[in-house]
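File shown here: target_23.tsv, holding TSV, C-alpha atoms.
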```tsv
chain	number	residue	atom	x	y	z
A	1099	MET	CA	0.00	0.00	0.00
A	1100	LEU	CA	2.78	2.42	0.88
A	1101	ALA	CA	4.37	1.87	-2.52
A	1102	GLY	CA	1.07	2.78	-4.21
A	1103	TRP	CA	0.47	5.87	-2.10
A	1104	THR	CA	3.99	7.25	-2.59
A	1105	THR	CA	3.86	6.55	-6.33
A	1106	VAL	CA	0.67	8.60	-6.81
A	1107	GLY	CA	1.95	11.39	-4.56
A	1108	ASP	CA	-0.30	10.96	-1.52
A	1109	MET	CA	0.65	12.55	1.78
A	1110	ILE	CA	2.14	9.90	4.06
A	1111	MET	CA	1.66	9.91	7.83
A	1112	ILE	CA	3.53	7.19	9.72
A	1113	GLU	CA	2.01	6.24	13.07
A	1114	GLN	CA	3.89	4.53	15.88
A	1115	MET	CA	3.11	4.21	19.58
A	1116	PRO	CA	6.06	3.22	21.79
A	1117	ILE	CA	5.04	1.36	24.95
A	1118	PHE	CA	6.52	2.63	28.20
A	1119	GLY	CA	7.24	-0.32	30.49
A	1120	GLY	CA	7.33	-2.84	27.64
A	1121	TYR	CA	10.30	-4.25	25.72
A	1122	THR	CA	12.03	-0.87	25.76
A	1123	GLY	CA	11.97	-0.49	29.55
A	1124	GLY	CA	12.11	2.87	31.32
A	1125	VAL	CA	11.54	6.46	30.18
A	1126	GLU	CA	15.04	7.04	28.81
A	1127	GLU	CA	15.15	3.77	26.86
A	1128	THR	CA	11.62	4.31	25.50
A	1129	ALA	CA	12.50	7.86	24.42
A	1130	ILE	CA	15.65	6.58	22.66
A	1131	CYS	CA	13.55	4.05	20.73
A	1132	ASP	CA	10.94	6.72	20.03
A	1133	VAL	CA	13.57	8.98	18.44
A	1134	ALA	CA	15.05	6.05	16.49
A	1135	THR	CA	11.73	4.85	15.08
A	1136	THR	CA	10.56	8.38	14.27
A	1137	LEU	CA	13.72	9.02	12.26
A	1138	GLY	CA	13.36	5.63	10.59
A	1139	SER	CA	9.81	6.46	9.49
A	1140	PHE	CA	11.11	9.40	7.46
A	1141	ALA	CA	14.32	7.77	6.21
A	1142	CYS	CA	12.93	4.41	5.08
A	1143	PHE	CA	9.17	4.76	4.67
A	1144	ALA	CA	8.81	8.13	2.92
A	1145	GLY	CA	6.94	9.69	5.83
A	1146	ASN	CA	5.80	13.29	5.43
A	1147	PHE	CA	4.85	13.65	9.07
A	1148	HIS	CA	5.03	11.33	12.05
A	1149	LEU	CA	2.23	10.56	14.51
A	1150	ASP	CA	3.59	9.53	17.88
A	1151	GLY	CA	1.68	8.24	20.90
A	1152	PRO	CA	3.79	6.93	23.79
A	1153	ILE	CA	1.45	4.69	25.78
A	1154	HIS	CA	1.65	3.42	29.36
A	1155	ILE	CA	1.74	-0.37	29.70
A	1156	ARG	CA	-0.10	-0.33	33.03
A	1157	TRP	CA	-2.75	2.29	32.27
A	1158	GLY	CA	-3.17	2.21	28.49
A	1159	VAL	CA	-3.10	6.02	28.30
A	1160	THR	CA	-0.88	8.71	26.80
A	1161	THR	CA	-1.48	11.16	29.67
A	1162	ALA	CA	0.56	9.50	32.46
A	1163	LYS	CA	3.64	11.38	33.63
A	1164	GLU	CA	6.06	8.86	32.14
A	1165	THR	CA	4.45	8.81	28.69
A	1166	LEU	CA	4.22	12.61	28.64
A	1167	GLN	CA	7.93	12.72	29.51
A	1168	VAL	CA	8.83	10.27	26.73
A	1169	ALA	CA	6.81	12.30	24.21
A	1170	ALA	CA	8.31	15.60	25.37
A	1171	TYR	CA	11.93	14.44	25.31
A	1172	ALA	CA	11.61	12.67	21.95
A	1173	ALA	CA	9.93	15.70	20.36
A	1174	ALA	CA	12.43	18.16	21.81
A	1175	ALA	CA	15.38	16.04	20.63
A	1176	ILE	CA	14.11	15.80	17.06
A	1177	ASP	CA	12.82	19.39	17.01
A	1178	GLN	CA	16.20	20.78	18.12
A	1179	ASN	CA	18.08	18.91	15.41
A	1180	THR	CA	15.74	18.77	12.39
A	1181	ASP	CA	12.73	20.44	10.76
A	1182	LEU	CA	10.70	17.21	10.68
A	1183	LEU	CA	6.95	17.54	11.25
A	1184	LEU	CA	5.90	15.83	14.49
A	1185	ALA	CA	2.43	14.98	15.79
A	1186	ASN	CA	1.08	13.24	18.87
A	1187	GLN	CA	-2.23	11.50	19.63
A	1188	TYR	CA	-4.39	11.51	22.75
A	1189	TYR	CA	-5.72	8.63	24.86
A	1190	PRO	CA	-6.87	9.96	28.27
A	1191	MET	CA	-8.18	7.64	30.96
A	1192	ALA	CA	-11.44	9.39	31.89
A	1193	GLY	CA	-14.54	9.67	29.72
A	1194	PRO	CA	-16.25	12.81	28.32
A	1195	CYS	CA	-18.08	15.32	30.50
A	1196	THR	CA	-15.61	14.88	33.36
A	1197	GLU	CA	-13.09	17.40	34.65
A	1198	MET	CA	-10.44	14.67	34.78
A	1199	CYS	CA	-10.76	13.95	31.04
A	1200	LEU	CA	-10.36	17.65	30.22
A	1201	LEU	CA	-7.38	18.07	32.56
A	1202	GLU	CA	-5.64	15.01	31.10
A	1203	THR	CA	-6.18	16.31	27.58
A	1204	ALA	CA	-5.00	19.80	28.53
A	1205	ALA	CA	-1.86	18.40	30.17
A	1206	GLN	CA	-0.84	16.58	27.01
A	1207	ALA	CA	-1.65	19.59	24.84
A	1208	ILE	CA	0.60	21.71	27.06
A	1209	VAL	CA	3.41	19.13	26.78
A	1210	ASP	CA	3.12	18.67	23.02
A	1211	THR	CA	2.97	22.40	22.34
A	1212	ALA	CA	5.86	23.32	24.62
A	1213	SER	CA	8.10	20.54	23.29
A	1214	GLY	CA	7.78	21.83	19.73
A	1215	ARG	CA	5.32	19.47	18.07
A	1216	GLU	CA	3.55	20.66	14.92
A	1217	LEU	CA	0.24	18.78	15.12
A	1218	LEU	CA	-1.99	17.60	17.99
A	1219	SER	CA	-4.44	14.81	17.12
A	1220	GLY	CA	-7.30	13.90	19.43
A	1221	SER	CA	-8.85	13.10	21.60
A	1222	ALA	CA	-9.83	9.46	22.16
A	1223	ALA	CA	-11.37	9.83	25.62
A	1224	ALA	CA	-11.96	6.73	27.79
A	1225	LYS	CA	-8.77	5.29	26.24
A	1226	GLY	CA	-10.43	5.21	22.82
A	1227	VAL	CA	-12.04	1.84	23.41
A	1228	VAL	CA	-15.63	2.62	24.45
A	1229	GLN	CA	-18.26	3.22	21.77
A	1230	ASP	CA	-19.44	6.85	21.39
A	1231	LYS	CA	-17.33	8.16	24.26
A	1232	THR	CA	-15.61	10.96	22.36
A	1233	THR	CA	-16.83	14.52	21.67
A	1234	GLY	CA	-15.71	17.85	20.24
A	1235	MET	CA	-15.42	19.37	23.71
A	1236	GLU	CA	-12.23	17.40	24.35
A	1237	ALA	CA	-10.75	18.87	21.17
A	1238	ARG	CA	-11.80	22.32	22.42
A	1239	ILE	CA	-9.68	21.96	25.58
A	1240	MET	CA	-6.83	20.55	23.49
A	1241	GLY	CA	-6.88	23.68	21.31
A	1242	ASP	CA	-7.46	26.17	24.11
A	1243	ALA	CA	-4.68	24.72	26.27
A	1244	SER	CA	-2.29	24.64	23.30
A	1245	VAL	CA	-2.95	28.30	22.42
A	1246	ALA	CA	-2.42	29.30	26.07
A	1247	THR	CA	0.93	27.45	26.16
A	1248	CYS	CA	2.46	28.88	22.97
A	1249	GLY	CA	5.47	31.07	23.76
A	1250	MET	CA	5.69	30.18	27.46
A	1251	LYS	CA	9.08	29.53	29.10
A	1252	ILE	CA	9.74	25.80	29.62
A	1253	GLU	CA	10.50	26.42	33.28
A	1254	ASP	CA	7.03	27.93	33.78
A	1255	VAL	CA	5.37	25.13	31.80
A	1256	ASN	CA	7.05	22.49	33.95
A	1257	GLU	CA	5.87	24.28	37.07
A	1258	ILE	CA	2.26	24.00	35.86
A	1259	LEU	CA	2.67	20.35	34.86
A	1260	ASN	CA	4.21	19.45	38.21
A	1261	LYS	CA	0.89	20.45	39.82
A	1262	LEU	CA	-1.52	19.48	37.03
A	1263	VAL	CA	-0.42	15.91	36.27
A	1264	PRO	CA	-0.48	14.60	39.88
A	1265	SER	CA	-3.94	16.17	40.29
A	1266	TYR	CA	-5.48	13.57	37.94
A	1267	GLU	CA	-2.99	10.69	38.12
A	1268	ALA	CA	-4.16	9.97	41.65
A	1269	ASN	CA	-7.53	8.97	40.12
A	1270	PHE	CA	-6.22	6.51	37.51
A	1271	THR	CA	-7.45	3.53	39.55
A	1272	ASN	CA	-11.00	4.88	39.76
A	1273	ALA	CA	-11.30	7.23	36.79
A	1274	PRO	CA	-14.83	8.45	35.95
A	1275	ALA	CA	-16.30	6.61	32.98
A	1276	GLY	CA	-17.96	9.78	31.68
A	1277	LYS	CA	-20.85	10.03	29.24
A	1278	THR	CA	-21.56	9.18	25.64
A	1279	PHE	CA	-21.76	11.72	22.83
A	1280	GLN	CA	-25.55	11.33	22.85
A	1281	GLU	CA	-25.56	12.33	26.55
A	1282	CYS	CA	-23.11	15.22	26.06
A	1283	TYR	CA	-24.68	16.89	22.99
A	1284	ASP	CA	-28.04	17.52	21.40
A	1285	VAL	CA	-27.44	15.19	18.47
A	1286	LYS	CA	-29.64	17.23	16.07
A	1287	THR	CA	-28.36	20.74	16.82
A	1288	VAL	CA	-24.85	19.47	17.73
A	1289	LYS	CA	-24.71	21.78	20.75
A	1290	PRO	CA	-23.08	20.60	24.00
A	1291	THR	CA	-25.25	20.27	27.09
A	1292	GLN	CA	-25.17	22.89	29.84
A	1293	GLU	CA	-23.79	20.18	32.13
A	1294	TYR	CA	-20.73	19.71	29.91
A	1295	LEU	CA	-20.25	23.48	29.55
A	1296	ASP	CA	-20.24	23.75	33.36
A	1297	VAL	CA	-17.69	20.93	33.63
A	1298	TYR	CA	-15.58	22.73	31.00
A	1299	ASP	CA	-15.72	25.99	32.98
A	1300	LYS	CA	-14.60	24.14	36.10
A	1301	ALA	CA	-11.67	22.52	34.27
A	1302	VAL	CA	-10.58	25.87	32.84
A	1303	GLN	CA	-10.68	27.41	36.31
A	1304	SER	CA	-8.53	24.55	37.63
A	1305	LEU	CA	-6.01	25.14	34.83
A	1306	ARG	CA	-5.91	28.84	35.74
A	1307	ASP	CA	-5.34	27.90	39.38
A	1308	PHE	CA	-2.41	25.74	38.24
A	1309	GLY	CA	-0.96	28.81	36.47
A	1310	LEU	CA	-2.07	28.46	32.83
A	1311	ASP	CA	-3.41	31.72	31.37
A	1312	ILE	CA	-6.15	29.98	29.41
A	1313	LYS	CA	-8.93	31.93	27.74
A	1314	HIS	CA	-12.22	30.76	26.32
B	179	MET	CA	30.88	7.43	2.94
B	180	VAL	CA	28.58	9.66	0.89
B	181	ALA	CA	25.17	8.13	0.27
B	182	ARG	CA	24.27	7.46	-3.35
B	183	ARG	CA	20.75	8.65	-2.57
B	184	TYR	CA	17.96	8.33	-0.04
B	185	ILE	CA	16.25	4.94	0.38
B	186	ASP	CA	12.77	4.83	-1.18
B	187	VAL	CA	10.05	2.36	-0.15
B	188	PHE	CA	11.01	-0.03	-2.95
B	189	GLU	CA	14.62	-0.21	-1.83
B	190	THR	CA	13.40	-0.50	1.75
B	191	TYR	CA	11.50	-3.65	0.77
B	192	ASP	CA	14.55	-5.10	-0.98
B	193	ARG	CA	16.76	-4.29	2.00
B	194	PHE	CA	14.36	-6.16	4.28
B	195	ALA	CA	14.21	-9.12	1.92
B	196	GLU	CA	18.00	-9.31	1.75
B	197	GLY	CA	18.56	-8.32	5.37
B	198	ARG	CA	19.55	-10.17	8.52
B	199	ARG	CA	17.17	-12.95	9.64
B	200	ILE	CA	16.39	-12.69	13.35
B	201	PRO	CA	13.68	-14.45	15.40
B	202	GLU	CA	11.06	-11.98	16.64
B	203	LYS	CA	11.50	-13.05	20.26
B	204	ASP	CA	15.23	-12.26	20.08
B	205	TRP	CA	14.43	-8.82	18.67
B	206	ASP	CA	11.79	-8.07	21.30
B	207	TYR	CA	13.33	-9.60	24.39
B	208	VAL	CA	17.08	-9.22	23.82
B	209	ILE	CA	18.22	-6.91	21.03
B	210	VAL	CA	15.96	-3.88	21.57
B	211	PRO	CA	16.10	-3.81	25.40
B	212	GLU	CA	19.86	-4.41	25.56
B	213	ASN	CA	20.72	-1.86	22.88
B	214	ALA	CA	18.41	0.77	24.39
B	215	LYS	CA	20.01	0.26	27.79
B	216	MET	CA	23.46	0.50	26.23
B	217	MET	CA	22.53	3.80	24.51
B	218	LYS	CA	21.22	5.22	27.76
B	219	GLU	CA	24.60	4.52	29.38
B	220	ARG	CA	26.70	5.56	26.38
B	221	TYR	CA	24.98	8.97	26.12
B	222	ASP	CA	24.56	9.42	29.89
B	223	LEU	CA	20.80	10.01	29.75
B	224	HIS	CA	18.92	10.69	32.97
B	225	PHE	CA	15.70	12.69	32.60
B	226	GLY	CA	15.05	13.67	36.21
B	227	SER	CA	11.63	14.84	37.38
B	228	ASN	CA	10.66	17.58	34.93
B	229	ILE	CA	8.34	16.48	32.11
B	230	ILE	CA	9.71	18.84	29.45
B	231	PRO	CA	13.50	19.03	28.97
B	232	ASP	CA	15.27	22.39	29.12
B	233	ASP	CA	18.92	21.26	28.92
B	234	PRO	CA	20.04	21.65	25.28
B	235	ASP	CA	23.02	19.35	25.78
B	236	LEU	CA	20.85	16.55	27.21
B	237	ILE	CA	18.39	17.03	24.33
B	238	ASP	CA	21.21	16.71	21.78
B	239	ARG	CA	22.57	13.59	23.50
B	240	LEU	CA	19.12	11.98	23.27
B	241	PHE	CA	18.99	12.75	19.54
B	242	LEU	CA	22.43	11.17	19.03
B	243	ALA	CA	21.38	8.16	21.09
B	244	GLY	CA	18.31	7.73	18.87
B	245	VAL	CA	20.43	7.96	15.72
B	246	ASP	CA	22.93	5.47	17.16
B	247	MET	CA	20.08	3.12	18.17
B	248	LEU	CA	18.61	3.19	14.68
B	249	LEU	CA	21.92	2.70	12.87
B	250	SER	CA	23.34	0.04	15.18
B	251	THR	CA	20.09	-1.93	15.63
B	252	GLY	CA	18.24	-1.50	12.33
B	253	ILE	CA	14.50	-1.84	11.67
B	254	TYR	CA	12.62	-5.12	12.09
B	255	ASN	CA	10.03	-6.42	9.62
B	256	SER	CA	7.93	-8.86	11.63
B	257	ASP	CA	6.19	-10.25	8.50
B	258	LEU	CA	9.50	-11.28	6.94
B	259	GLY	CA	11.45	-11.85	10.16
B	260	MET	CA	14.25	-9.74	8.69
B	261	VAL	CA	16.22	-6.67	9.76
B	262	LEU	CA	17.03	-3.72	7.50
B	263	ASP	CA	20.29	-1.85	8.09
B	264	LEU	CA	21.03	1.65	6.91
B	265	ASP	CA	24.07	3.90	7.31
B	266	GLU	CA	24.32	7.42	8.65
B	267	ASP	CA	24.50	9.13	5.25
B	268	GLU	CA	21.44	7.27	4.02
B	269	LEU	CA	19.58	8.32	7.15
B	270	TYR	CA	20.35	12.01	6.72
B	271	GLU	CA	19.63	11.91	2.96
B	272	GLY	CA	16.23	10.44	3.84
B	273	LEU	CA	15.56	13.17	6.41
B	274	LYS	CA	16.37	15.80	3.77
B	275	MET	CA	13.57	14.39	1.62
B	276	ALA	CA	10.95	15.04	4.31
B	277	PRO	CA	8.84	18.18	3.80
B	278	LYS	CA	9.34	21.15	6.14
B	279	LYS	CA	5.74	22.21	5.64
B	280	LEU	CA	2.50	20.71	4.39
B	281	LYS	CA	-0.63	22.36	3.02
B	282	LEU	CA	-3.66	20.62	4.51
B	283	GLY	CA	-7.16	21.07	3.09
B	284	ARG	CA	-8.68	23.22	0.33
B	285	GLY	CA	-9.81	26.79	-0.25
B	286	LYS	CA	-10.48	28.98	2.76
B	287	ASP	CA	-10.20	25.95	5.05
B	288	ARG	CA	-6.62	25.19	4.02
B	289	VAL	CA	-4.00	25.38	6.79
B	290	THR	CA	-0.22	25.09	6.73
B	291	CYS	CA	1.62	22.68	8.98
B	292	LYS	CA	5.10	24.11	9.33
B	293	ALA	CA	8.13	23.27	11.50
B	294	ARG	CA	7.77	25.23	14.78
B	295	ARG	CA	11.23	24.98	16.38
B	296	GLY	CA	10.61	24.99	20.12
B	297	ASN	CA	7.67	26.56	21.90
B	298	THR	CA	7.08	29.35	19.42
B	299	LEU	CA	4.09	31.70	19.51
B	300	ARG	CA	2.58	29.93	16.46
B	301	LYS	CA	0.12	27.28	17.60
B	302	PRO	CA	0.37	23.71	16.33
B	303	ILE	CA	-2.25	22.34	13.94
B	304	ILE	CA	-5.19	21.06	15.99
B	305	GLN	CA	-6.56	17.86	14.49
B	306	GLY	CA	-9.89	17.02	16.14
B	307	GLY	CA	-11.72	13.73	16.08
B	308	PRO	CA	-12.30	10.40	17.82
B	309	THR	CA	-8.77	9.21	16.85
B	310	GLY	CA	-9.85	5.72	15.88
B	311	ALA	CA	-12.33	5.21	18.72
B	312	PRO	CA	-15.51	3.25	17.85
B	313	VAL	CA	-18.56	5.34	16.84
B	314	SER	CA	-22.19	4.34	16.14
B	315	GLU	CA	-23.39	4.79	12.59
B	316	GLY	CA	-26.44	6.83	13.61
B	317	ILE	CA	-24.46	9.65	15.23
B	318	PHE	CA	-21.26	9.54	13.16
B	319	THR	CA	-21.89	12.75	11.21
B	320	SER	CA	-23.04	14.70	14.28
B	321	MET	CA	-20.06	13.58	16.30
B	322	ILE	CA	-17.57	14.62	13.62
B	323	GLN	CA	-19.43	17.93	13.23
B	324	SER	CA	-18.88	18.54	16.95
B	325	TYR	CA	-15.14	18.66	16.17
B	326	ALA	CA	-15.35	20.50	12.84
B	327	GLN	CA	-17.35	23.35	14.37
B	328	GLU	CA	-14.69	24.09	17.03
B	329	PRO	CA	-12.81	27.27	16.00
B	330	THR	CA	-9.39	26.01	17.14
B	331	VAL	CA	-9.76	22.73	15.21
B	332	ASP	CA	-7.93	22.87	11.85
B	333	THR	CA	-8.27	19.33	10.48
B	334	ILE	CA	-10.22	16.14	11.22
B	335	VAL	CA	-9.11	12.69	12.37
B	336	SER	CA	-11.86	10.11	11.98
B	337	GLY	CA	-13.33	7.46	14.24
B	338	VAL	CA	-14.23	3.88	13.35
B	339	LEU	CA	-17.70	2.89	12.20
B	340	ASN	CA	-18.89	-0.25	13.97
B	341	THR	CA	-21.56	-0.95	11.35
B	342	VAL	CA	-22.41	0.15	7.83
B	343	ASP	CA	-26.07	0.03	6.77
B	344	GLY	CA	-26.59	-1.89	9.99
B	345	HIS	CA	-24.12	-4.60	8.96
B	346	PRO	CA	-21.00	-5.24	11.10
B	347	ALA	CA	-17.92	-3.69	9.47
B	348	THR	CA	-15.81	-6.81	10.03
B	349	THR	CA	-12.09	-6.65	9.27
B	350	ASN	CA	-10.92	-8.46	6.13
B	351	THR	CA	-14.41	-8.58	4.59
B	352	PRO	CA	-15.96	-6.44	1.81
B	353	TRP	CA	-17.96	-4.64	4.51
B	354	GLU	CA	-14.76	-3.08	5.77
B	355	ILE	CA	-14.34	-1.33	2.39
B	356	ARG	CA	-17.97	-0.15	2.40
B	357	ALA	CA	-17.53	1.16	5.94
B	358	THR	CA	-14.39	3.06	4.96
B	359	HIS	CA	-16.22	4.76	2.08
B	360	ALA	CA	-19.13	5.56	4.39
B	361	GLU	CA	-16.77	7.09	6.95
B	362	ILE	CA	-15.33	9.41	4.32
B	363	ARG	CA	-18.83	10.44	3.17
B	364	TYR	CA	-19.97	11.10	6.73
B	365	VAL	CA	-16.86	13.13	7.58
B	366	ARG	CA	-17.23	15.25	4.43
B	367	GLU	CA	-20.90	15.81	5.26
B	368	ALA	CA	-19.94	16.86	8.80
B	369	THR	CA	-17.38	19.42	7.62
B	370	ARG	CA	-19.95	20.83	5.16
B	371	LYS	CA	-22.54	21.13	7.94
B	372	ALA	CA	-19.95	22.99	10.03
B	373	GLY	CA	-19.42	25.41	7.13
B	374	ARG	CA	-15.86	24.19	6.55
B	375	PRO	CA	-16.11	21.95	3.46
B	376	GLY	CA	-12.43	22.24	2.58
B	377	MET	CA	-11.10	20.96	5.90
B	378	CYS	CA	-8.39	18.34	5.61
B	379	ILE	CA	-9.76	14.96	6.71
```

Give the structure from the file, written as structure tokens.
Amino acid sequence: MLAGWTTVGDMIMIEQMPIFGGYTGGVEETAICDVATTLGSFACFAGNFHLDGPIHIRWGVTTAKETLQVAAYAAAAIDQNTDLLLANQYYPMAGPCTEMCLLETAAQAIVDTASGRELLSGSAAAKGVVQDKTTGMEARIMGDASVATCGMKIEDVNEILNKLVPSYEANFTNAPAGKTFQECYDVKTVKPTQEYLDVYDKAVQSLRDFGLDIKH
Amino acid sequence: MVARRYIDVFETYDRFAEGRRIPEKDWDYVIVPENAKMMKERYDLHFGSNIIPDDPDLIDRLFLAGVDMLLSTGIYNSDLGMVLDLDEDELYEGLKMAPKKLKLGRGKDRVTCKARRGNTLRKPIIQGGPTGAPVSEGIFTSMIQSYAQEPTVDTIVSGVLNTVDGHPATTNTPWEIRATHAEIRYVREATRKAGRPGMCI
């Protein structure tokens, strides 16, 4: 298939999700393999941009501290040495219409933006495995958090993350399942429910309390 | 040694076919873990507690470790059970072939994905969507519209239809093809309903 797509001039995105805690071991080893495989995707498979997604072997999410760290270090290393186009994808633990889901998504958007990535792709709430448990509101927080992060000093970003990430990681063992799209939106008008808008407001206030100057 | 040229996907296939034969369990359980550990020690990599790195020297050492890992270990093709090797010049020639920017979408909805270089003021491209999560046929268009109508969203990533015309979209059956075509139709319809028909999907 790749031979056909490259021959006709299609845009090629290569996706790869390194597993933290798997064959590659700890954060440093996983980041080394992440850099290696990202470079290989461009050098051998004609990639035009690369979609990453470091995933936690215990939790099955991309929003744990270790997987955020792997993504940040790998992106920064490639960003500092090349002009390759780098993306990352989102698999939070909690489901839609929960503050935890929005905070997880915001944390990864902050990390991806600050570490120099070019494209943020998401978000597959509830680990992307439950039918109809994804909505546009999670993409809204991804975009709003990214815009708020652009241009910030890394030191200040880390200070926010050091408070934000532990605030939701403590709930990984009993994360809220959240609601389906049908419960979060009027399916005909495609407008989010007041309940979800209130949850969004609460998440934004929490992000402000952590130090992110987020507007919406 | 100067590379003759970058490796294209055809040469990549040949390199795999003529490469080193290695059992998958050796690759997974021995070669990758041992080489990654060796690179960590060789390049003295210790991340510490901060999530985002701010030490340029450490960041460079990680890049060199990744390059070393790729060149010394190769890439494994699990279908063939073979390893492809490439040299440093071939790697960098390949990286030169990669685009520094991409135009995504059509007309007024077109956006440019361009190398950012650190945490610049320019925001990344925001690609909204279920990212491969399963979605019911009856709400597929509305769900995708919920992403397309968000002002910060630039492009769409689709979800996966569980059924098409009520029939399970089973992998490796003709229904999978029909479901894929339906997904594309639904996503296009959703971007039109959001008033952004040229969005990249």

Check the smallest atom-to-atom distance from each of A:Gly1138, A:Pro1152, A:Pro1190, A:Gly1309 to chain B using all atoms listed in the file, then report the winner.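 Going through A:Gly1138, A:Pro1152, A:Pro1190, A:Gly1309 one by one, the smallest distance to chain B is for A:Gly1138.
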
What separates CA of Thr319 (chain B) and CA of Ala1237 (chain A) is a distance of 16.1 Å

Contact residues around Ala326 (chain B) with all atoms listed in the file at 7 Å, ignoring same-chain residues under 6 positions, as a list of chain:residue names: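 The residues satisfying every condition are B:Ile334, B:Thr369, B:Ala372.
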
I'd like the neighbourhood of Asn1272 (chain A) as a VMD selection string, where a residue qualifies if any of its atoms comes within 12 Å (using all atoms listed in the file), though same-chain residues fewer than 3 positions away should be ignored. chain A and resid 1157 1191 to 1193 1198 1266 to 1269 1275 to 1276

As a check of understanding: the span from CA of Asp1210 (chain A) to CA of Cys1248 (chain A) is 10.2 Å

Fewer than 3 positions away in the same chain doesn't count, so skip those; otherwise give me all residues within 8 Å of Arg199 (chain B), counting all atoms listed in the file, as JSON, numbers by chain. {"B": [259, 260, 261]}

Leaving out region 211-228 of chain B and any residue of its chain fewer than 3 positions from it, which residues lie within 8 Å of it when counting all atoms listed in the file, given as a ChimeraX atom specification? /A:1121-1123,1125-1128,1130-1131,1167,1256,1260 /B:206-208,231,236,239-240,242-243,246-247,251

Tell me which protein, DNA and RNA residues are within 7 Å of Gly285 (chain B), counting all atoms listed in the file, leaving out same-chain ones fewer than 2 positions away, and put them as a VMD selection string. chain B and resid 287 to 288 376

In file coordinates, which residues lie within 7 Å of (4.7, 19.8, 7.3) using all atoms listed in the file, given as a list in words?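 Answer for this query, in the requested form: Asn1146, Phe1147 and Leu1183 of chain A; Pro277, Lys278, Lys279, Leu280, Cys291, Lys292 and Ala293 of chain B.
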
Sel. within 12 Å of pt (21.0, 15.4, -0.5), counting only C-alpha atoms, output as a PyMOL selection string: chain B and resi 180-185+267-276

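Distance check against Ala1224 (chain A) using all atoms listed in the file: of A:Met1240, A:Leu1262, A:Asp1181, A:Lys1277, the minimum falls on A:Lys1277.
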
With N, CA and C atoms as the goal, would you fill in the gaps in region 211-225 of chain B and present it as an mmCIF file, in the coordinates of the input?
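As a result, out20.cif now contains:
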```cif
data_model
loop_
_atom_site.group_PDB
_atom_site.id
_atom_site.type_symbol
_atom_site.label_atom_id
_atom_site.label_comp_id
_atom_site.auth_asym_id
_atom_site.auth_seq_id
_atom_site.Cartn_x
_atom_site.Cartn_y
_atom_site.Cartn_z
ATOM 1 N N PRO B 211 15.845 -4.255 24.018
ATOM 2 C CA PRO B 211 16.100 -3.810 25.400
ATOM 3 C C PRO B 211 17.583 -3.606 25.707
ATOM 4 N N GLU B 212 18.427 -4.527 25.239
ATOM 5 C CA GLU B 212 19.860 -4.410 25.560
ATOM 6 C C GLU B 212 20.486 -3.206 24.872
ATOM 7 N N ASN B 213 20.136 -2.997 23.592
ATOM 8 C CA ASN B 213 20.720 -1.860 22.880
ATOM 9 C C ASN B 213 20.231 -0.529 23.447
ATOM 10 N N ALA B 214 18.934 -0.477 23.816
ATOM 11 C CA ALA B 214 18.410 0.770 24.390
ATOM 12 C C ALA B 214 19.099 1.093 25.701
ATOM 13 N N LYS B 215 19.319 0.059 26.503
ATOM 14 C CA LYS B 215 20.010 0.260 27.790
ATOM 15 C C LYS B 215 21.444 0.730 27.557
ATOM 16 N N MET B 216 22.082 0.132 26.543
ATOM 17 C CA MET B 216 23.460 0.500 26.230
ATOM 18 C C MET B 216 23.539 1.968 25.786
ATOM 19 N N MET B 217 22.548 2.400 24.981
ATOM 20 C CA MET B 217 22.530 3.800 24.510
ATOM 21 C C MET B 217 22.312 4.764 25.667
ATOM 22 N N LYS B 218 21.466 4.357 26.594
ATOM 23 C CA LYS B 218 21.220 5.220 27.760
ATOM 24 C C LYS B 218 22.530 5.458 28.514
ATOM 25 N N GLU B 219 23.326 4.392 28.658
ATOM 26 C CA GLU B 219 24.600 4.520 29.380
ATOM 27 C C GLU B 219 25.629 5.270 28.544
ATOM 28 N N ARG B 220 25.694 4.937 27.254
ATOM 29 C CA ARG B 220 26.700 5.560 26.380
ATOM 30 C C ARG B 220 26.513 7.068 26.291
ATOM 31 N N TYR B 221 25.256 7.527 26.274
ATOM 32 C CA TYR B 221 24.980 8.970 26.120
ATOM 33 C C TYR B 221 24.589 9.627 27.443
ATOM 34 N N ASP B 222 24.761 8.882 28.535
ATOM 35 C CA ASP B 222 24.560 9.420 29.890
ATOM 36 C C ASP B 222 23.210 10.148 30.003
ATOM 37 N N LEU B 223 22.145 9.410 29.782
ATOM 38 C CA LEU B 223 20.800 10.010 29.750
ATOM 39 C C LEU B 223 20.055 9.723 31.053
ATOM 40 N N HIS B 224 19.748 10.791 31.764
ATOM 41 C CA HIS B 224 18.920 10.690 32.970
ATOM 42 C C HIS B 224 17.968 11.884 32.944
ATOM 43 N N PHE B 225 16.666 11.612 32.830
ATOM 44 C CA PHE B 225 15.700 12.690 32.600
ATOM 45 C C PHE B 225 15.371 13.507 33.846
#
```
